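Source file start_14.cif; content: mmCIF, C-alpha atoms.
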data_upload
loop_
_atom_site.label_atom_id
_atom_site.label_comp_id
_atom_site.auth_asym_id
_atom_site.auth_seq_id
_atom_site.Cartn_x
_atom_site.Cartn_y
_atom_site.Cartn_z
CA MET A 1269 -40.11 -126.34 -63.25
CA TYR A 1270 -40.15 -129.03 -65.89
CA ASP A 1271 -40.86 -132.52 -64.58
CA SER A 1272 -38.41 -135.00 -66.06
CA ARG A 1273 -40.69 -137.97 -65.64
CA GLY A 1274 -42.66 -139.59 -68.38
CA VAL A 1275 -41.38 -143.13 -68.56
CA GLY A 1276 -44.57 -144.88 -67.50
CA ALA A 1277 -44.65 -148.22 -65.74
CA PHE A 1278 -45.39 -151.64 -67.03
CA ALA A 1279 -46.91 -152.84 -63.78
CA GLY A 1280 -50.32 -153.12 -65.35
CA ARG A 1281 -49.05 -155.43 -68.04
CA ARG A 1282 -46.64 -157.65 -66.10
CA ALA A 1283 -48.86 -160.70 -66.17
CA SER A 1284 -49.49 -160.40 -69.88
CA VAL A 1285 -45.80 -159.91 -70.63
CA VAL A 1286 -44.83 -162.97 -68.63
CA ALA A 1287 -47.56 -165.03 -70.29
CA LEU A 1288 -46.56 -163.82 -73.74
CA GLY A 1289 -42.90 -164.58 -73.19
CA ALA A 1290 -43.77 -168.09 -72.06
CA ALA A 1291 -46.13 -168.56 -74.98
CA LEU A 1292 -43.42 -167.55 -77.42
CA LEU A 1293 -41.20 -170.28 -76.04
CA ILE A 1294 -43.90 -172.82 -76.75
CA THR A 1295 -45.37 -171.63 -80.03
CA GLY A 1296 -42.38 -169.88 -81.59
CA CYS A 1297 -44.57 -167.22 -83.20
CA SER A 1298 -42.52 -165.43 -85.83
CA SER A 1299 -42.31 -165.25 -89.57
CA SER A 1300 -41.59 -168.77 -90.68
CA ASP A 1301 -39.24 -167.90 -93.52
CA GLY A 1302 -36.98 -165.75 -91.37
CA LYS A 1303 -37.55 -162.77 -93.65
CA GLY A 1304 -40.87 -161.54 -92.40
CA GLU A 1305 -42.60 -162.15 -95.73
CA GLU A 1306 -45.17 -164.69 -94.59
CA PRO A 1307 -48.15 -163.28 -92.68
CA GLU A 1308 -49.03 -164.42 -89.20
CA ALA A 1309 -52.39 -165.54 -87.92
CA GLY A 1310 -54.71 -162.94 -86.44
CA ALA A 1311 -53.88 -159.44 -87.65
CA GLY A 1312 -51.44 -160.67 -90.32
CA ILE A 1313 -48.50 -158.67 -88.94
CA THR A 1314 -45.15 -159.17 -90.72
CA GLN A 1315 -41.62 -157.88 -90.23
CA GLN A 1316 -40.31 -154.60 -91.59
CA PRO A 1317 -37.49 -154.59 -94.21
CA LYS A 1318 -34.37 -155.66 -92.35
CA GLU A 1319 -31.95 -153.23 -93.98
CA ALA A 1320 -33.83 -150.20 -92.64
CA ASP A 1321 -35.45 -151.69 -89.55
CA PRO A 1322 -33.73 -154.76 -88.11
CA PHE A 1323 -35.83 -154.89 -84.93
CA TRP A 1324 -38.45 -157.55 -84.29
CA VAL A 1325 -42.13 -156.84 -84.79
CA ASN A 1326 -44.14 -158.88 -82.31
CA PRO A 1327 -47.01 -160.35 -84.37
CA ASP A 1328 -49.00 -161.04 -81.21
CA GLY A 1329 -48.43 -157.76 -79.39
CA THR A 1330 -51.23 -155.79 -77.76
CA ALA A 1331 -51.75 -153.55 -80.77
CA ALA A 1332 -51.88 -156.57 -83.09
CA GLN A 1333 -54.50 -158.17 -80.85
CA GLN A 1334 -56.50 -154.94 -80.99
CA VAL A 1335 -56.33 -154.93 -84.79
CA ALA A 1336 -57.60 -158.48 -84.96
CA ALA A 1337 -60.46 -157.69 -82.57
CA LEU A 1338 -61.46 -154.57 -84.52
CA GLU A 1339 -61.41 -156.42 -87.82
CA LYS A 1340 -63.51 -159.21 -86.36
CA ALA A 1341 -66.01 -156.59 -85.18
CA GLY A 1342 -66.12 -155.06 -88.66
CA LYS A 1343 -64.46 -151.82 -87.55
CA GLU A 1344 -62.09 -151.64 -90.52
CA THR A 1345 -61.38 -147.90 -90.28
CA GLU A 1346 -60.23 -148.13 -86.67
CA ALA A 1347 -58.30 -151.31 -87.41
CA ARG A 1348 -56.32 -149.53 -90.13
CA GLN A 1349 -55.34 -146.83 -87.66
CA ILE A 1350 -54.19 -149.22 -84.92
CA ARG A 1351 -52.30 -151.20 -87.55
CA LYS A 1352 -49.94 -148.21 -87.81
CA ILE A 1353 -48.78 -149.18 -84.32
CA ALA A 1354 -49.05 -152.95 -84.65
CA GLU A 1355 -46.84 -153.18 -87.75
CA GLN A 1356 -43.86 -151.41 -86.16
CA PRO A 1357 -41.32 -152.92 -83.74
CA VAL A 1358 -41.87 -151.72 -80.20
CA ALA A 1359 -39.76 -152.50 -77.17
CA GLU A 1360 -40.58 -155.32 -74.79
CA TRP A 1361 -40.34 -154.09 -71.18
CA ILE A 1362 -39.06 -156.99 -69.10
CA SER A 1363 -40.89 -157.44 -65.81
CA PRO A 1364 -39.36 -158.94 -62.64
CA GLU A 1365 -41.48 -162.09 -62.84
CA ASN A 1366 -39.57 -164.81 -64.69
CA PRO A 1367 -37.26 -162.43 -66.57
CA ARG A 1368 -35.16 -165.30 -67.92
CA GLU A 1369 -38.18 -166.92 -69.55
CA GLN A 1370 -39.40 -163.61 -70.94
CA THR A 1371 -36.12 -162.61 -72.52
CA ARG A 1372 -35.57 -166.09 -73.85
CA GLY A 1373 -39.03 -166.11 -75.43
CA PHE A 1374 -38.65 -162.70 -77.06
CA THR A 1375 -35.09 -163.20 -78.29
CA GLU A 1376 -35.81 -166.67 -79.68
CA ALA A 1377 -38.86 -165.41 -81.56
CA ALA A 1378 -36.89 -162.47 -82.91
CA ASP A 1379 -33.96 -164.67 -83.91
CA ARG A 1380 -36.23 -167.05 -85.78
CA ALA A 1381 -37.55 -164.08 -87.73
CA GLY A 1382 -34.01 -162.94 -88.53
CA ARG A 1383 -34.43 -159.83 -86.42
CA THR A 1384 -33.07 -158.24 -83.24
CA ALA A 1385 -35.11 -158.12 -80.03
CA LEU A 1386 -35.54 -154.65 -78.53
CA LEU A 1387 -35.74 -154.87 -74.73
CA VAL A 1388 -36.08 -152.41 -71.86
CA LEU A 1389 -34.87 -153.04 -68.33
CA TYR A 1390 -36.79 -150.86 -65.88
CA ASN A 1391 -36.38 -152.44 -62.47
CA ILE A 1392 -33.80 -150.35 -60.61
CA PRO A 1393 -34.48 -150.14 -56.84
CA HIS A 1394 -36.40 -147.00 -55.74
CA ARG A 1395 -37.60 -146.47 -59.29
CA ASP A 1396 -39.46 -143.30 -60.35
CA CYS A 1397 -39.26 -141.56 -56.97
CA GLY A 1398 -42.63 -142.78 -55.75
CA GLN A 1399 -44.61 -141.58 -58.76
CA TYR A 1400 -46.94 -143.58 -61.07
CA SER A 1401 -44.12 -145.96 -62.02
CA GLN A 1402 -42.75 -146.48 -58.53
CA GLY A 1403 -41.35 -149.86 -57.63
CA GLY A 1404 -38.35 -151.75 -58.87
CA ALA A 1405 -36.25 -154.48 -57.32
CA ALA A 1406 -36.39 -154.82 -53.55
CA ASP A 1407 -32.65 -154.25 -53.14
CA GLY A 1408 -29.32 -154.40 -54.91
CA ASP A 1409 -29.01 -158.18 -54.70
CA ALA A 1410 -32.46 -158.64 -56.19
CA TYR A 1411 -31.54 -156.31 -59.05
CA ARG A 1412 -28.29 -158.15 -59.77
CA ALA A 1413 -30.21 -161.44 -59.85
CA PHE A 1414 -32.71 -159.84 -62.26
CA VAL A 1415 -29.93 -158.74 -64.61
CA ASP A 1416 -28.29 -162.16 -64.40
CA ASP A 1417 -31.57 -163.79 -65.41
CA VAL A 1418 -32.00 -161.37 -68.30
CA ALA A 1419 -28.48 -162.09 -69.53
CA GLN A 1420 -29.05 -165.85 -69.36
CA GLY A 1421 -32.33 -165.43 -71.22
CA ILE A 1422 -30.68 -163.48 -74.03
CA GLY A 1423 -27.69 -165.76 -74.41
CA ASP A 1424 -25.93 -165.36 -77.77
CA ARG A 1425 -29.03 -164.16 -79.62
CA PRO A 1426 -29.16 -160.60 -80.97
CA ALA A 1427 -30.64 -158.03 -78.59
CA THR A 1428 -30.60 -154.29 -78.06
CA VAL A 1429 -31.23 -153.20 -74.48
CA ILE A 1430 -32.39 -149.78 -73.27
CA LEU A 1431 -31.08 -149.70 -69.72
CA GLU A 1432 -33.12 -148.16 -66.92
CA PRO A 1433 -34.98 -145.10 -68.21
CA ASP A 1434 -34.60 -142.12 -65.86
CA ALA A 1435 -32.31 -143.98 -63.46
CA VAL A 1436 -29.34 -141.63 -63.96
CA LEU A 1437 -31.51 -138.58 -64.53
CA HIS A 1438 -33.21 -139.03 -61.17
CA LEU A 1439 -29.82 -139.09 -59.48
CA VAL A 1440 -29.10 -135.69 -60.99
CA ASP A 1441 -32.40 -133.87 -60.59
CA GLY A 1442 -32.64 -134.42 -56.83
CA CYS A 1443 -35.51 -136.88 -57.09
CA THR A 1444 -33.64 -139.92 -55.72
CA PRO A 1445 -32.40 -139.59 -52.10
CA ASP A 1446 -28.63 -139.28 -51.65
CA GLU A 1447 -28.32 -142.52 -49.69
CA TYR A 1448 -29.24 -144.53 -52.80
CA HIS A 1449 -26.81 -142.89 -55.20
CA GLU A 1450 -23.68 -144.98 -54.66
CA GLU A 1451 -25.56 -148.26 -54.95
CA ARG A 1452 -27.40 -147.16 -58.08
CA TYR A 1453 -24.20 -146.22 -59.87
CA ASP A 1454 -22.74 -149.59 -58.92
CA LEU A 1455 -25.84 -151.46 -60.12
CA LEU A 1456 -25.95 -149.65 -63.44
CA LYS A 1457 -22.26 -150.17 -64.10
CA GLY A 1458 -22.63 -153.84 -63.23
CA ALA A 1459 -25.61 -154.22 -65.55
CA VAL A 1460 -23.74 -152.63 -68.46
CA THR A 1461 -20.77 -154.91 -67.85
CA LYS A 1462 -22.92 -158.05 -67.56
CA LEU A 1463 -24.94 -157.35 -70.71
CA LYS A 1464 -21.97 -156.23 -72.79
CA ALA A 1465 -20.27 -159.54 -72.02
CA LEU A 1466 -22.90 -161.21 -74.19
CA LYS A 1467 -21.94 -161.98 -77.77
CA ASN A 1468 -24.62 -160.07 -79.68
CA THR A 1469 -26.10 -157.57 -77.23
CA LYS A 1470 -25.99 -153.79 -77.55
CA VAL A 1471 -26.67 -151.59 -74.53
CA TYR A 1472 -27.86 -147.98 -74.43
CA LEU A 1473 -27.87 -146.33 -71.01
CA ASP A 1474 -30.71 -143.86 -70.62
CA ALA A 1475 -29.75 -140.17 -70.52
CA GLY A 1476 -32.99 -138.24 -70.11
CA ASN A 1477 -34.52 -135.91 -72.65
CA ALA A 1478 -34.21 -132.51 -74.28
CA GLY A 1479 -36.49 -130.77 -71.80
CA TRP A 1480 -35.14 -131.59 -68.37
CA GLY A 1481 -31.88 -129.63 -68.15
CA ASP A 1482 -28.39 -129.31 -69.61
CA PRO A 1483 -26.00 -132.08 -70.73
CA ASP A 1484 -23.38 -130.51 -68.44
CA GLN A 1485 -25.39 -131.82 -65.50
CA ILE A 1486 -25.51 -135.46 -66.54
CA PHE A 1487 -22.41 -136.39 -68.52
CA GLU A 1488 -20.26 -137.19 -65.47
CA PRO A 1489 -23.03 -139.22 -63.77
CA LEU A 1490 -23.42 -141.19 -67.00
CA ARG A 1491 -19.72 -142.02 -66.87
CA TRP A 1492 -20.03 -143.10 -63.25
CA ALA A 1493 -22.90 -145.35 -64.35
CA GLY A 1494 -20.78 -147.05 -67.02
CA VAL A 1495 -21.71 -145.34 -70.27
CA ASP A 1496 -18.12 -145.70 -71.50
CA ARG A 1497 -18.64 -149.47 -71.54
CA ALA A 1498 -22.03 -149.22 -73.24
CA ASP A 1499 -22.71 -148.87 -76.97
CA GLY A 1500 -24.23 -145.47 -76.34
CA PHE A 1501 -27.17 -143.80 -74.64
CA SER A 1502 -30.90 -143.28 -75.18
CA VAL A 1503 -32.89 -140.06 -75.12
CA ASN A 1504 -36.57 -139.08 -75.03
CA VAL A 1505 -37.80 -142.42 -73.67
CA SER A 1506 -41.57 -142.16 -73.12
CA ASN A 1507 -41.38 -138.44 -73.76
CA PHE A 1508 -42.53 -136.12 -76.52
CA TYR A 1509 -39.65 -133.86 -77.52
CA SER A 1510 -39.16 -133.48 -81.24
CA THR A 1511 -36.60 -135.55 -83.07
CA GLU A 1512 -34.78 -132.34 -84.01
CA ASP A 1513 -34.53 -131.21 -80.37
CA SER A 1514 -33.56 -134.73 -79.28
CA ILE A 1515 -30.75 -134.84 -81.83
CA ALA A 1516 -29.45 -131.48 -80.64
CA TYR A 1517 -29.52 -132.62 -77.01
CA GLY A 1518 -27.91 -135.95 -77.82
CA LYS A 1519 -25.11 -134.39 -79.87
CA LYS A 1520 -24.22 -131.95 -77.09
CA LEU A 1521 -24.11 -134.81 -74.62
CA SER A 1522 -22.19 -137.08 -76.98
CA ALA A 1523 -19.45 -134.46 -77.32
CA LYS A 1524 -18.86 -134.66 -73.56
CA ILE A 1525 -18.62 -138.47 -73.37
CA GLY A 1526 -16.23 -139.35 -76.13
CA GLY A 1527 -18.53 -139.10 -79.12
CA LYS A 1528 -20.85 -141.91 -78.01
CA PRO A 1529 -23.78 -142.53 -80.38
CA PHE A 1530 -27.35 -142.55 -79.19
CA VAL A 1531 -30.89 -143.69 -80.00
CA ILE A 1532 -34.08 -141.64 -79.85
CA ASP A 1533 -37.54 -142.72 -78.77
CA THR A 1534 -39.80 -141.33 -81.50
CA SER A 1535 -42.89 -143.31 -80.53
CA ARG A 1536 -45.09 -140.35 -79.59
CA ASN A 1537 -43.18 -137.20 -80.55
CA GLY A 1538 -44.93 -136.41 -83.82
CA ASN A 1539 -46.46 -133.19 -82.45
CA GLY A 1540 -43.74 -132.37 -79.94
CA PRO A 1541 -44.32 -131.79 -76.22
CA TYR A 1542 -47.58 -130.71 -74.63
CA THR A 1543 -47.55 -127.18 -73.25
CA GLY A 1544 -50.96 -126.95 -71.58
CA GLY A 1545 -52.29 -127.98 -68.20
CA ALA A 1546 -50.27 -128.38 -65.00
CA ALA A 1547 -46.56 -128.20 -65.76
CA ASP A 1548 -45.69 -131.09 -63.45
CA GLU A 1549 -47.95 -133.52 -65.34
CA ARG A 1550 -47.53 -132.47 -68.95
CA TRP A 1551 -45.68 -135.73 -69.53
CA CYS A 1552 -48.62 -137.87 -68.40
CA ASN A 1553 -51.06 -138.88 -71.15
CA PRO A 1554 -50.96 -135.47 -72.81
CA PRO A 1555 -53.72 -134.80 -75.34
CA GLY A 1556 -53.09 -133.98 -78.99
CA ARG A 1557 -49.92 -136.04 -79.36
CA ALA A 1558 -49.03 -138.13 -82.42
CA LEU A 1559 -46.91 -141.05 -83.50
CA GLY A 1560 -43.42 -139.95 -84.55
CA GLU A 1561 -40.94 -141.24 -87.11
CA THR A 1562 -41.23 -144.96 -87.62
CA PRO A 1563 -38.37 -147.07 -86.24
CA THR A 1564 -35.30 -147.21 -88.46
CA VAL A 1565 -31.52 -147.34 -88.39
CA LYS A 1566 -31.42 -144.92 -91.33
CA THR A 1567 -31.46 -141.65 -89.42
CA ALA A 1568 -30.78 -137.99 -90.08
CA ASP A 1569 -27.42 -137.92 -88.28
CA PRO A 1570 -24.43 -140.30 -88.13
CA LEU A 1571 -24.39 -140.07 -84.33
CA VAL A 1572 -27.96 -141.35 -84.12
CA ASP A 1573 -27.88 -145.15 -84.28
CA ALA A 1574 -31.66 -145.50 -84.55
CA TYR A 1575 -35.09 -144.06 -84.12
CA LEU A 1576 -36.92 -146.52 -81.86
CA TRP A 1577 -40.36 -146.93 -80.38
CA VAL A 1578 -39.26 -147.58 -76.81
CA LYS A 1579 -42.48 -146.47 -75.15
CA ARG A 1580 -45.28 -148.66 -76.46
CA PRO A 1581 -47.75 -146.26 -78.14
CA GLY A 1582 -51.21 -146.74 -76.72
CA GLU A 1583 -50.13 -147.72 -73.22
CA SER A 1584 -51.01 -145.32 -70.42
CA ASP A 1585 -48.47 -143.19 -68.58
CA GLY A 1586 -50.52 -143.44 -65.40
CA GLU A 1587 -53.84 -142.61 -63.79
CA CYS A 1588 -54.08 -139.06 -65.05
CA LYS A 1589 -56.30 -137.32 -67.62
CA GLY A 1590 -58.67 -140.24 -67.54
CA GLY A 1591 -56.06 -142.89 -68.20
CA PRO A 1592 -55.83 -146.38 -66.69
CA LYS A 1593 -52.90 -147.58 -64.58
CA ALA A 1594 -49.43 -147.01 -65.97
CA GLY A 1595 -48.52 -149.56 -68.61
CA GLN A 1596 -52.08 -150.63 -69.42
CA TRP A 1597 -53.34 -150.50 -73.00
CA TRP A 1598 -55.67 -147.53 -73.57
CA PRO A 1599 -57.49 -148.08 -76.89
CA GLU A 1600 -58.88 -144.57 -77.15
CA TYR A 1601 -55.50 -142.95 -76.64
CA ALA A 1602 -53.86 -145.34 -79.11
CA LEU A 1603 -56.44 -144.41 -81.72
CA LYS A 1604 -55.83 -140.70 -81.21
CA LEU A 1605 -52.06 -141.14 -81.53
CA ALA A 1606 -52.47 -143.11 -84.74
CA ARG A 1607 -54.95 -140.71 -86.30
CA ALA A 1608 -52.76 -137.70 -85.51
CA GLY A 1609 -49.68 -139.51 -86.83
CA GLY A 1610 -50.89 -139.35 -90.41
#

Please go through the file and, once you have read it, give me the structure as structure tokens.
Amino acid sequence: MYDSRGVGAFAGRRASVVALGAALLITGCSSSDGKGEEPEAGAGITQQPKEADPFWVNPDGTAAQQVAALEKAGKETEARQIRKIAEQPVAEWISPENPREQTRGFTEAADRAGRTALLVLYNIPHRDCGQYSQGGAADGDAYRAFVDDVAQGIGDRPATVILEPDAVLHLVDGCTPDEYHEERYDLLKGAVTKLKALKNTKVYLDAGNAGWGDPDQIFEPLRWAGVDRADGFSVNVSNFYSTEDSIAYGKKLSAKIGGKPFVIDTSRNGNGPYTGGAADERWCNPPGRALGETPTVKTADPLVDAYLWVKRPGESDGECKGGPKAGQWWPEYALKLARAGG
């Protein structure tokens, strides 16, 4: 049976995320002309052309720091490979520690650069069914407070939010115990409502991937979770299904929920899904994968709002196949993804 998981935690990078968000508030690191044309210190990362890719490139992200370190060490060939990751916008996964400060830091830096912050909320109670990414808010009240803080941190600045990868899917696939279902639907609907009340925030509720099952199984749960109030839904987050298969899955699902558009995580789907090894862990740090299409709003289908790098390429899915803890940067894996991505 196919295992639907593959999101990967950010627990291993919480401290760095919090520190970075705070640092952004102080230093305001972004392209100073608002157009992304002036290079930053360190790796010299700039913004992508806004008309095709309006999302913020973090010039001090983990990949950018790796590039700078490799260049300093004289490893130019490796630096050029990791730059393929560093120069693209990747999502910022907001941790529970000081979420208001984090989101404020990221959205202010993005706004100064004339771009939109791409954020992921992954803190639903009873997250990931006790697997590598287990955790989440302690209870419903803690989650509501987390969402409130995120909303206050975003304010009126532009943001696109991917809401709770796998949260609805794990209600459908039997992974999340029945006693948590009613609360989770309520929390998701409340989060959509809270975030959509902001002036310049788009929300995409996660809807699984092309390999887990059939859209018939999830379209009603998505409605119960508030997808009608959202801008659309996301597919393939942290997974490896091809863009073609993800479009097909998304279009079938869209037809059942009023023609809602969707976004696709293409961060690591360049070679499609892994088919070797144990079936229940093919999603976890699979070998031979590659970077996929670079982020853009110019996609192959009018229903697809964007190709995004939601999963941060180079960060581990968990302690499997020699990987570090979920969410931690794994330089060797990042290099393999970049080399295979062309």

If the PyMOL selection byres ((chain A and resi 1600) around 12) is run on the structure shown, which residues does it catch, given as a short mmCIF file (atom, residue, chain, number, x, y, z; two decimals) with C-alpha atoms, keeping the file's coordinate frame?
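What follows is the written file result.cif:
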data_model
loop_
_atom_site.label_atom_id
_atom_site.label_comp_id
_atom_site.auth_asym_id
_atom_site.auth_seq_id
_atom_site.Cartn_x
_atom_site.Cartn_y
_atom_site.Cartn_z
CA GLN A 1334 -56.50 -154.94 -80.99
CA GLU A 1346 -60.23 -148.13 -86.67
CA GLN A 1349 -55.34 -146.83 -87.66
CA ILE A 1350 -54.19 -149.22 -84.92
CA ASN A 1553 -51.06 -138.88 -71.15
CA PRO A 1555 -53.72 -134.80 -75.34
CA PRO A 1581 -47.75 -146.26 -78.14
CA GLY A 1582 -51.21 -146.74 -76.72
CA GLU A 1583 -50.13 -147.72 -73.22
CA SER A 1584 -51.01 -145.32 -70.42
CA GLY A 1590 -58.67 -140.24 -67.54
CA GLY A 1591 -56.06 -142.89 -68.20
CA PRO A 1592 -55.83 -146.38 -66.69
CA GLN A 1596 -52.08 -150.63 -69.42
CA TRP A 1597 -53.34 -150.50 -73.00
CA TRP A 1598 -55.67 -147.53 -73.57
CA PRO A 1599 -57.49 -148.08 -76.89
CA TYR A 1601 -55.50 -142.95 -76.64
CA ALA A 1602 -53.86 -145.34 -79.11
CA LEU A 1603 -56.44 -144.41 -81.72
CA LYS A 1604 -55.83 -140.70 -81.21
CA LEU A 1605 -52.06 -141.14 -81.53
CA ALA A 1606 -52.47 -143.11 -84.74
CA ARG A 1607 -54.95 -140.71 -86.30
#

How big is the axis-aligned box around all listed atoms of segment 1568-1576 of chain A once 6 Å goes on each side, and where's its centre, in Å to one decimal, as lines of an AutoDock Vina configuration file?
center_x = -30.7
center_y = -142.2
center_z = -86.0
size_x = 24.5
size_y = 20.6
size_z = 20.2

Please evaluate the PyMOL selection byres ((chain A and resi 1477) around 6) against the displayed coordinates and give the resulting residues as a PDB file with C-alpha atoms, in the coordinates of the input.
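Below is the file that was written, out-v1.pdb:
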ATOM      1  CA  GLY A1476     -32.990-138.240 -70.110  1.00  0.00           C
ATOM      2  CA  ALA A1478     -34.210-132.510 -74.280  1.00  0.00           C
ATOM      3  CA  GLY A1479     -36.490-130.770 -71.800  1.00  0.00           C
ATOM      4  CA  VAL A1503     -32.890-140.060 -75.120  1.00  0.00           C
ATOM      5  CA  ASN A1504     -36.570-139.080 -75.030  1.00  0.00           C
TER       6      ASN A1504
END

Next item on the list: Taking the file above as input, evaluate the PyMOL selection byres ((chain A and resi 1368) around 10) and report the hits as an MDAnalysis selection string.
Entry: chainID A and resid 1286 1289:1290 1362:1367 1369:1373 1414:1423

Item checked: Å distance separating atom CA of Ser1535 of chain A from atom CA of Ala1378 of chain A, one decimal place -> 20.2 Å

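Rounded to one decimal, atom CA of Gly1560 of chain A and atom CA of Asn1326 of chain A lie 19.1 Å from each other.
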
Check: At what distance in Å, to one decimal, does atom CA of Ala1574 of chain A lie from atom CA of Val1531 of chain A?
Finding: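 A separation of 5.0 Å between them.
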
Check: With distances taken over only C-alpha atoms, which of A:Phe1530, A:Glu1512, A:Asn1539, A:Ser1506 is nearest to Leu1473 of chain A?
Finding: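 Ranking A:Phe1530, A:Glu1512, A:Asn1539, A:Ser1506 by distance to Leu1473 of chain A, first place goes to A:Phe1530.
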
Checklist line | Distance criterion (all atoms listed in the file): nearest to Arg1580 of chain A out of A:Asp1513, A:Asp1533, A:Glu1488, A:Asp1409 | finding: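 Among A:Asp1513, A:Asp1533, A:Glu1488, A:Asp1409, it is A:Asp1533 that comes nearest to Arg1580 of chain A.
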
Item checked: Which residue of A:Cys1397, A:Leu1338, A:Leu1389, A:Val1358 approaches Leu1456 of chain A most closely, using all atoms listed in the file -> A:Leu1389

Item checked: Counting only C-alpha atoms, the option among A:Lys1343, A:Pro1357, A:Ala1410, A:Ala1385 closest to Thr1534 of chain A ->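 Nearest to Thr1534 of chain A: A:Pro1357.
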
Checklist line | Nearest candidate to Gly1500 of chain A (options A:Thr1543, A:Thr1564, A:Ser1514, A:Thr1428; using all atoms listed in the file) | finding: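 That would be A:Thr1428, the residue with the smallest distance to Gly1500 of chain A.
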
Note to self: Would you pick out the contacts of Asp1484 of chain A at 12 Å or less, using all atoms listed in the file, so that residues sharing its chain but fewer than 3 positions from it are not included, and give the list as a list of chain:residue names?
What the structure shows: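 Surrounding residues, per the criterion: A:Val1440, A:Ala1475, A:Trp1480, A:Gly1481, A:Phe1487, A:Glu1488, A:Pro1489, A:Leu1490, A:Tyr1517, A:Gly1518, A:Lys1520, A:Leu1521, A:Ser1522, A:Ala1523, A:Lys1524, A:Ile1525.
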
Put those residues in a file: C-alpha atoms, as a compact mmCIF listing (two decimals), keeping the file's coordinate frame.
# COMPACT_ATOMS: atom_id res chain seq x y z
CA VAL A 1440 -29.10 -135.69 -60.99
CA ALA A 1475 -29.75 -140.17 -70.52
CA TRP A 1480 -35.14 -131.59 -68.37
CA GLY A 1481 -31.88 -129.63 -68.15
CA PHE A 1487 -22.41 -136.39 -68.52
CA GLU A 1488 -20.26 -137.19 -65.47
CA PRO A 1489 -23.03 -139.22 -63.77
CA LEU A 1490 -23.42 -141.19 -67.00
CA TYR A 1517 -29.52 -132.62 -77.01
CA GLY A 1518 -27.91 -135.95 -77.82
CA LYS A 1520 -24.22 -131.95 -77.09
CA LEU A 1521 -24.11 -134.81 -74.62
CA SER A 1522 -22.19 -137.08 -76.98
CA ALA A 1523 -19.45 -134.46 -77.32
CA LYS A 1524 -18.86 -134.66 -73.56
CA ILE A 1525 -18.62 -138.47 -73.37

Next item on the list: Pick out the residues sitting within 12 Å of Val1460 of chain A, and hand them over as an MDAnalysis selection string; count only C-alpha atoms, and ignore anything fewer than 4 positions along from it in its own chain.
Entry: chainID A and resid 1389 1412 1415:1416 1419 1428:1432 1453:1456 1464:1466 1469:1474 1490:1501

Note to self: Measuring between all atoms listed in the file, which one of A:Thr1567, A:Tyr1390, A:Arg1425, A:Asp1396 shows the shortest distance to Tyr1411 of chain A?
What the structure shows: A:Tyr1390
